Amino acid sequence: MTQTVLVAGGAGYIGSHTCLALKEAGFEPIVFDNFSNGHKEFVQWGPYFEGDIQNREDVAAVFEEYNPIGVLHFAALIEVGESVKDPLAFHQNNVAGAINLIAASKAAGVKGFVFSSTCATYGEPQKLPMDETHPQLPLNPYGRSKLLVEQVLEDLREYSDFPSAVLRYFNAAGADPQARIGEWHEPETHAIPIALDNALGLRSGFRINGTDYGTRDGTCVRDYIHVLDLADAHVKALQYLLKGNKGGAFNLGTGDGTTVKELLETIQTVTGKSFDAAPGPRREGDSPSLVAENSKAFTELGWKPERDLETIVRDAWAWHQKLRG
């Protein structure tokens with residue numbers, strides 16, 4: 001009998017790719033989404049239940065209907081800049097909503113809860129690459145909202161025997177190589193899609209947010225990881241919990257840092273298109289450098305990233321041409 005897995009936020013970017021990976025691994029993904037940021041077109045590998053994690057009745061109803069063995073939680077507000085403008089909205093959705101989902105999961109006897117967290121919980125790097133023991137001092141309300149949920153799950157692992165895996169993403173990028181799904185935000189604020197819009201001639205000029213950081217070329221360094229590598233990690237984390245492991249926190253990154261200027265060079269090489277990139281002011285809440293130390297995920301989950309930056313950009317470009325074409 002196929003095991004059902006509830007995927008909160010499963011119509012979003014990373015959630016939809018994880019539904020694909022779950023289906024390929026033999027699970028039945030059940031998308032739970034309010035479609036405020038997700039897309040019904042991305043629900044391709046199982047049924048969906050339209051609801052909101054902030055609504056306890058919606059959450060109770062989807063558990064009653066599908067009785068999932070595991071829960072993967074992606075349903076969050078994610079834009080750092082917006083979190084600075086409206087912290088309360090981020091805490092209402094990302095913290096209170098997550099607690100609703102966690103409480104329902106615990107009451108239903110779910111065997112594994114996988115939480116989509118972020119390297120933004122670390123804040124300013126005190127060492128690079130950053131491992132899971134790095135101090136967590138987030139620089140913005142978005143990072144703090146994710147850290148609060150991590151702490152709830154840590155308490156439940158320790159005191160309530162509720163198994164969970166916290167996955168701290170670095171920079172998700174890329175798309176399904178078949179271009180069935182990909183990165184699609186409205187409005188778009190992420191670097192690679194914005195650069196690809198420039199390559200297609202849909203935008204005029206790319207703004208580099210800060211060129212005076214203490215990095216090798218003055219621009220921010222980020223660890224870009226293919227969304228399908230992230231999706232694979234979620235499946236492995238769920239399987240790890242279903243085997244009876246207690247769980248813990250895991251970094252998901254490649255361990256390789258790329259500056260904004262290096263990213264733009266790769267994009268222009270892959271697309272064969274050139275476009276202007278102008279320096280701009282630093283963005284509030286940004287860290288100068290975020291690079292993962294990912295050996296714990298390899299040792300405990302048996303996971304490692306398989307796709308390099310050029311593959312990320314090539315897959316994103318194929319999707320982007322389809323989306324914007």
# chains A, B, ... in the order shown; residues from 1 in each chain; ligands from 1
>>> closest_atom_pairs(of="region 242-311 of chain A", to="region 200-210 of chain A", cutoff="7 Å", atoms="only C-alpha atoms", output="tab-separated table")
residue	atom	partner	partner_atom	distance
A:Phe275	CA	A:Gly205	CA	6.5
A:Asp276	CA	A:Gly205	CA	4.9
A:Ala277	CA	A:Phe206	CA	4.4
A:Ala278	CA	A:Arg207	CA	5.0
A:Pro279	CA	A:Ile208	CA	4.9
A:Gly280	CA	A:Asn209	CA	5.1
A:Pro281	CA	A:Gly210	CA	5.0
A:Arg282	CA	A:Gly210	CA	4.1
A:Arg283	CA	A:Asn209	CA	5.8
>>> residues_around(residues="Pro47 (chain A)", least_positions_apart="5", cutoff="9 Å", atoms="only C-alpha atoms", output="ChimeraX atom specification")
/A:28-32
>>> atom_distance(atom1="CA of Ile69 (chain A)", atom2="CA of Val5 (chain A)")
5.9 Å
>>> residues_around(residues="region 305-321 of chain A", least_positions_apart="4", cutoff="7 Å", atoms="only C-alpha atoms", output="list in words")
Ala173, Gly174, Ala175, Asp176, Pro177, Ala179, Gly182, Leu196, Tyr224, His226, Asp229, Thr254, Thr266, Ile267, Val270 and Gly325 of chain A
>>> write_last_selection(atoms="C-alpha atoms", output="PDB file, in the first residue's frame")
ATOM      1  CA  ALA A 173      18.027  27.339  -7.738  1.00  0.00           C
ATOM      2  CA  GLY A 174      17.459  25.475 -11.000  1.00  0.00           C
ATOM      3  CA  ALA A 175      14.439  23.558 -12.232  1.00  0.00           C
ATOM      4  CA  ASP A 176      13.143  20.196 -13.387  1.00  0.00           C
ATOM      5  CA  PRO A 177      15.277  19.386 -16.477  1.00  0.00           C
ATOM      6  CA  ALA A 179      10.784  22.048 -17.656  1.00  0.00           C
ATOM      7  CA  GLY A 182      10.508  25.586 -12.010  1.00  0.00           C
ATOM      8  CA  LEU A 196      17.387  35.313 -16.961  1.00  0.00           C
ATOM      9  CA  TYR A 224      23.664  27.701  -4.950  1.00  0.00           C
ATOM     10  CA  HIS A 226      19.917  22.590  -7.387  1.00  0.00           C
ATOM     11  CA  ASP A 229      19.187  17.992  -4.957  1.00  0.00           C
ATOM     12  CA  THR A 254      27.189  22.315  -1.992  1.00  0.00           C
ATOM     13  CA  THR A 266      27.958  31.770 -15.710  1.00  0.00           C
ATOM     14  CA  ILE A 267      24.464  32.903 -16.736  1.00  0.00           C
ATOM     15  CA  VAL A 270      25.106  29.402 -20.578  1.00  0.00           C
ATOM     16  CA  GLY A 325       8.129  32.490 -23.942  1.00  0.00           C
TER      17      GLY A 325
END
>>> residues_around(residues="Ala172 (chain A)", least_positions_apart="4", cutoff="9 Å", atoms="only C-alpha atoms", output="number ranges by chain")
A: 14, 223-227, 230, 253
>>> residues_around(residues="region 98-113 of chain A", least_positions_apart="5", cutoff="6 Å", atoms="only C-alpha atoms", output="ChimeraX atom specification")
/A:69-72,163-164,238,241-242
>>> write_last_selection(atoms="C-alpha atoms", output="PDB file, in the first residue's frame")
ATOM      1  CA  ILE A  69       2.562   8.846   7.571  1.00  0.00           C
ATOM      2  CA  GLY A  70       4.837  11.872   7.158  1.00  0.00           C
ATOM      3  CA  VAL A  71       4.618  15.644   6.793  1.00  0.00           C
ATOM      4  CA  LEU A  72       6.929  17.920   4.816  1.00  0.00           C
ATOM      5  CA  PRO A 163      10.847  12.838  15.299  1.00  0.00           C
ATOM      6  CA  SER A 164      11.737  15.689  12.971  1.00  0.00           C
ATOM      7  CA  LEU A 238      11.766  11.376   5.584  1.00  0.00           C
ATOM      8  CA  LEU A 241      12.845   9.351  10.221  1.00  0.00           C
ATOM      9  CA  LEU A 242      10.589   6.491   9.124  1.00  0.00           C
TER      10      LEU A 242
END
>>> select_by_dssp(residues="region 25-268 of chain A", states="strand (DSSP E)", output="ChimeraX atom specification")
/A:28-33,48-50,70-73,112-118,164-169,171-173,206-209,221-222,224-226,247-252,258-259
>>> write_last_selection(atoms="C-alpha atoms", output="mmCIF file, in the first residue's frame")
data_model
loop_
_atom_site.group_PDB
_atom_site.id
_atom_site.type_symbol
_atom_site.label_atom_id
_atom_site.label_comp_id
_atom_site.auth_asym_id
_atom_site.auth_seq_id
_atom_site.Cartn_x
_atom_site.Cartn_y
_atom_site.Cartn_z
ATOM 1 C CA GLU A 28 1.840 9.481 -2.602
ATOM 2 C CA PRO A 29 2.304 13.243 -2.095
ATOM 3 C CA ILE A 30 -0.753 15.172 -0.901
ATOM 4 C CA VAL A 31 -0.376 18.899 -1.583
ATOM 5 C CA PHE A 32 -1.802 21.207 1.100
ATOM 6 C CA ASP A 33 -1.629 24.803 -0.122
ATOM 7 C CA TYR A 48 -4.322 18.613 -3.498
ATOM 8 C CA PHE A 49 -6.305 20.001 -0.591
ATOM 9 C CA GLU A 50 -6.799 23.764 -0.634
ATOM 10 C CA GLY A 70 4.837 11.872 7.158
ATOM 11 C CA VAL A 71 4.618 15.644 6.793
ATOM 12 C CA LEU A 72 6.929 17.920 4.816
ATOM 13 C CA HIS A 73 6.484 21.586 5.663
ATOM 14 C CA GLY A 112 8.350 11.856 10.415
ATOM 15 C CA PHE A 113 8.139 15.649 10.171
ATOM 16 C CA VAL A 114 10.540 17.424 7.804
ATOM 17 C CA PHE A 115 10.859 21.188 8.181
ATOM 18 C CA SER A 116 12.055 23.531 5.454
ATOM 19 C CA SER A 117 14.419 25.881 7.269
ATOM 20 C CA THR A 118 17.190 28.171 6.105
ATOM 21 C CA SER A 164 11.737 15.689 12.971
ATOM 22 C CA ALA A 165 14.410 16.763 10.519
ATOM 23 C CA VAL A 166 15.276 20.430 10.121
ATOM 24 C CA LEU A 167 16.779 21.153 6.709
ATOM 25 C CA ARG A 168 18.688 24.422 6.479
ATOM 26 C CA TYR A 169 18.773 25.407 2.824
ATOM 27 C CA ASN A 171 20.374 29.122 -2.088
ATOM 28 C CA ALA A 172 17.853 26.973 -3.971
ATOM 29 C CA ALA A 173 18.027 27.339 -7.738
ATOM 30 C CA PHE A 206 20.555 43.766 -13.340
ATOM 31 C CA ARG A 207 21.255 45.491 -10.021
ATOM 32 C CA ILE A 208 24.013 44.074 -7.829
ATOM 33 C CA ASN A 209 23.017 44.620 -4.192
ATOM 34 C CA VAL A 221 28.881 35.005 -1.874
ATOM 35 C CA ARG A 222 26.137 32.386 -1.937
ATOM 36 C CA TYR A 224 23.664 27.701 -4.950
ATOM 37 C CA ILE A 225 22.099 24.256 -4.775
ATOM 38 C CA HIS A 226 19.917 22.590 -7.387
ATOM 39 C CA GLY A 247 16.218 13.460 13.624
ATOM 40 C CA GLY A 248 18.067 16.740 13.963
ATOM 41 C CA ALA A 249 19.279 19.672 11.880
ATOM 42 C CA PHE A 250 21.083 19.335 8.546
ATOM 43 C CA ASN A 251 22.677 21.841 6.184
ATOM 44 C CA LEU A 252 21.772 21.535 2.515
ATOM 45 C CA THR A 258 29.760 31.788 -5.837
ATOM 46 C CA THR A 259 29.875 35.590 -5.949
#
>>> closest_residue(among="A:Gly38, A:Gly81, A:Pro288, A:Pro68", to="Gly15 (chain A)", atoms="only C-alpha atoms")
A:Gly38
>>> residues_around(residues="Gly26 (chain A)", least_positions_apart="2", cutoff="12 Å", atoms="only C-alpha atoms", output="VMD selection string")
chain A and resid 1 to 5 19 to 24 28 to 29 45 to 46 235 239
>>> write_last_selection(atoms="C-alpha atoms", output="compact mmCIF listing (two decimals), in the first residue's frame")
# COMPACT_ATOMS: atom_id res chain seq x y z
CA MET A 1 0.00 0.00 0.00
CA THR A 2 1.37 3.41 -0.99
CA GLN A 3 2.24 5.63 1.95
CA THR A 4 0.76 9.13 1.85
CA VAL A 5 2.88 12.17 2.70
CA CYS A 19 6.42 16.06 -4.72
CA LEU A 20 8.06 14.83 -7.94
CA ALA A 21 10.88 13.21 -5.92
CA LEU A 22 8.41 11.64 -3.47
CA LYS A 23 6.38 10.12 -6.31
CA GLU A 24 9.54 8.70 -7.88
CA GLU A 28 1.84 9.48 -2.60
CA PRO A 29 2.30 13.24 -2.09
CA TRP A 45 2.06 14.05 -8.84
CA GLY A 46 -0.92 13.61 -6.51
CA VAL A 235 12.98 12.23 0.63
CA GLN A 239 13.07 7.85 5.01
>>> select_by_dssp(residues="region 79-325 of chain A", states="alpha helix (DSSP H)", output="MDAnalysis selection string")
chainID A and resid 80:85 87:90 98:107 141:159 191:199 227:242 260:271 295:296 309:324
>>> atom_distance(atom1="CA of Val291 (chain A)", atom2="CA of Thr121 (chain A)")
13.0 Å
>>> atom_distance(atom1="CA of Phe27 (chain A)", atom2="CA of Gln44 (chain A)")
13.6 Å
>>> closest_residue(among="A:Ala231, A:Leu301, A:Ala89, A:Val149", to="Thr18 (chain A)", atoms="only C-alpha atoms")
A:Ala231
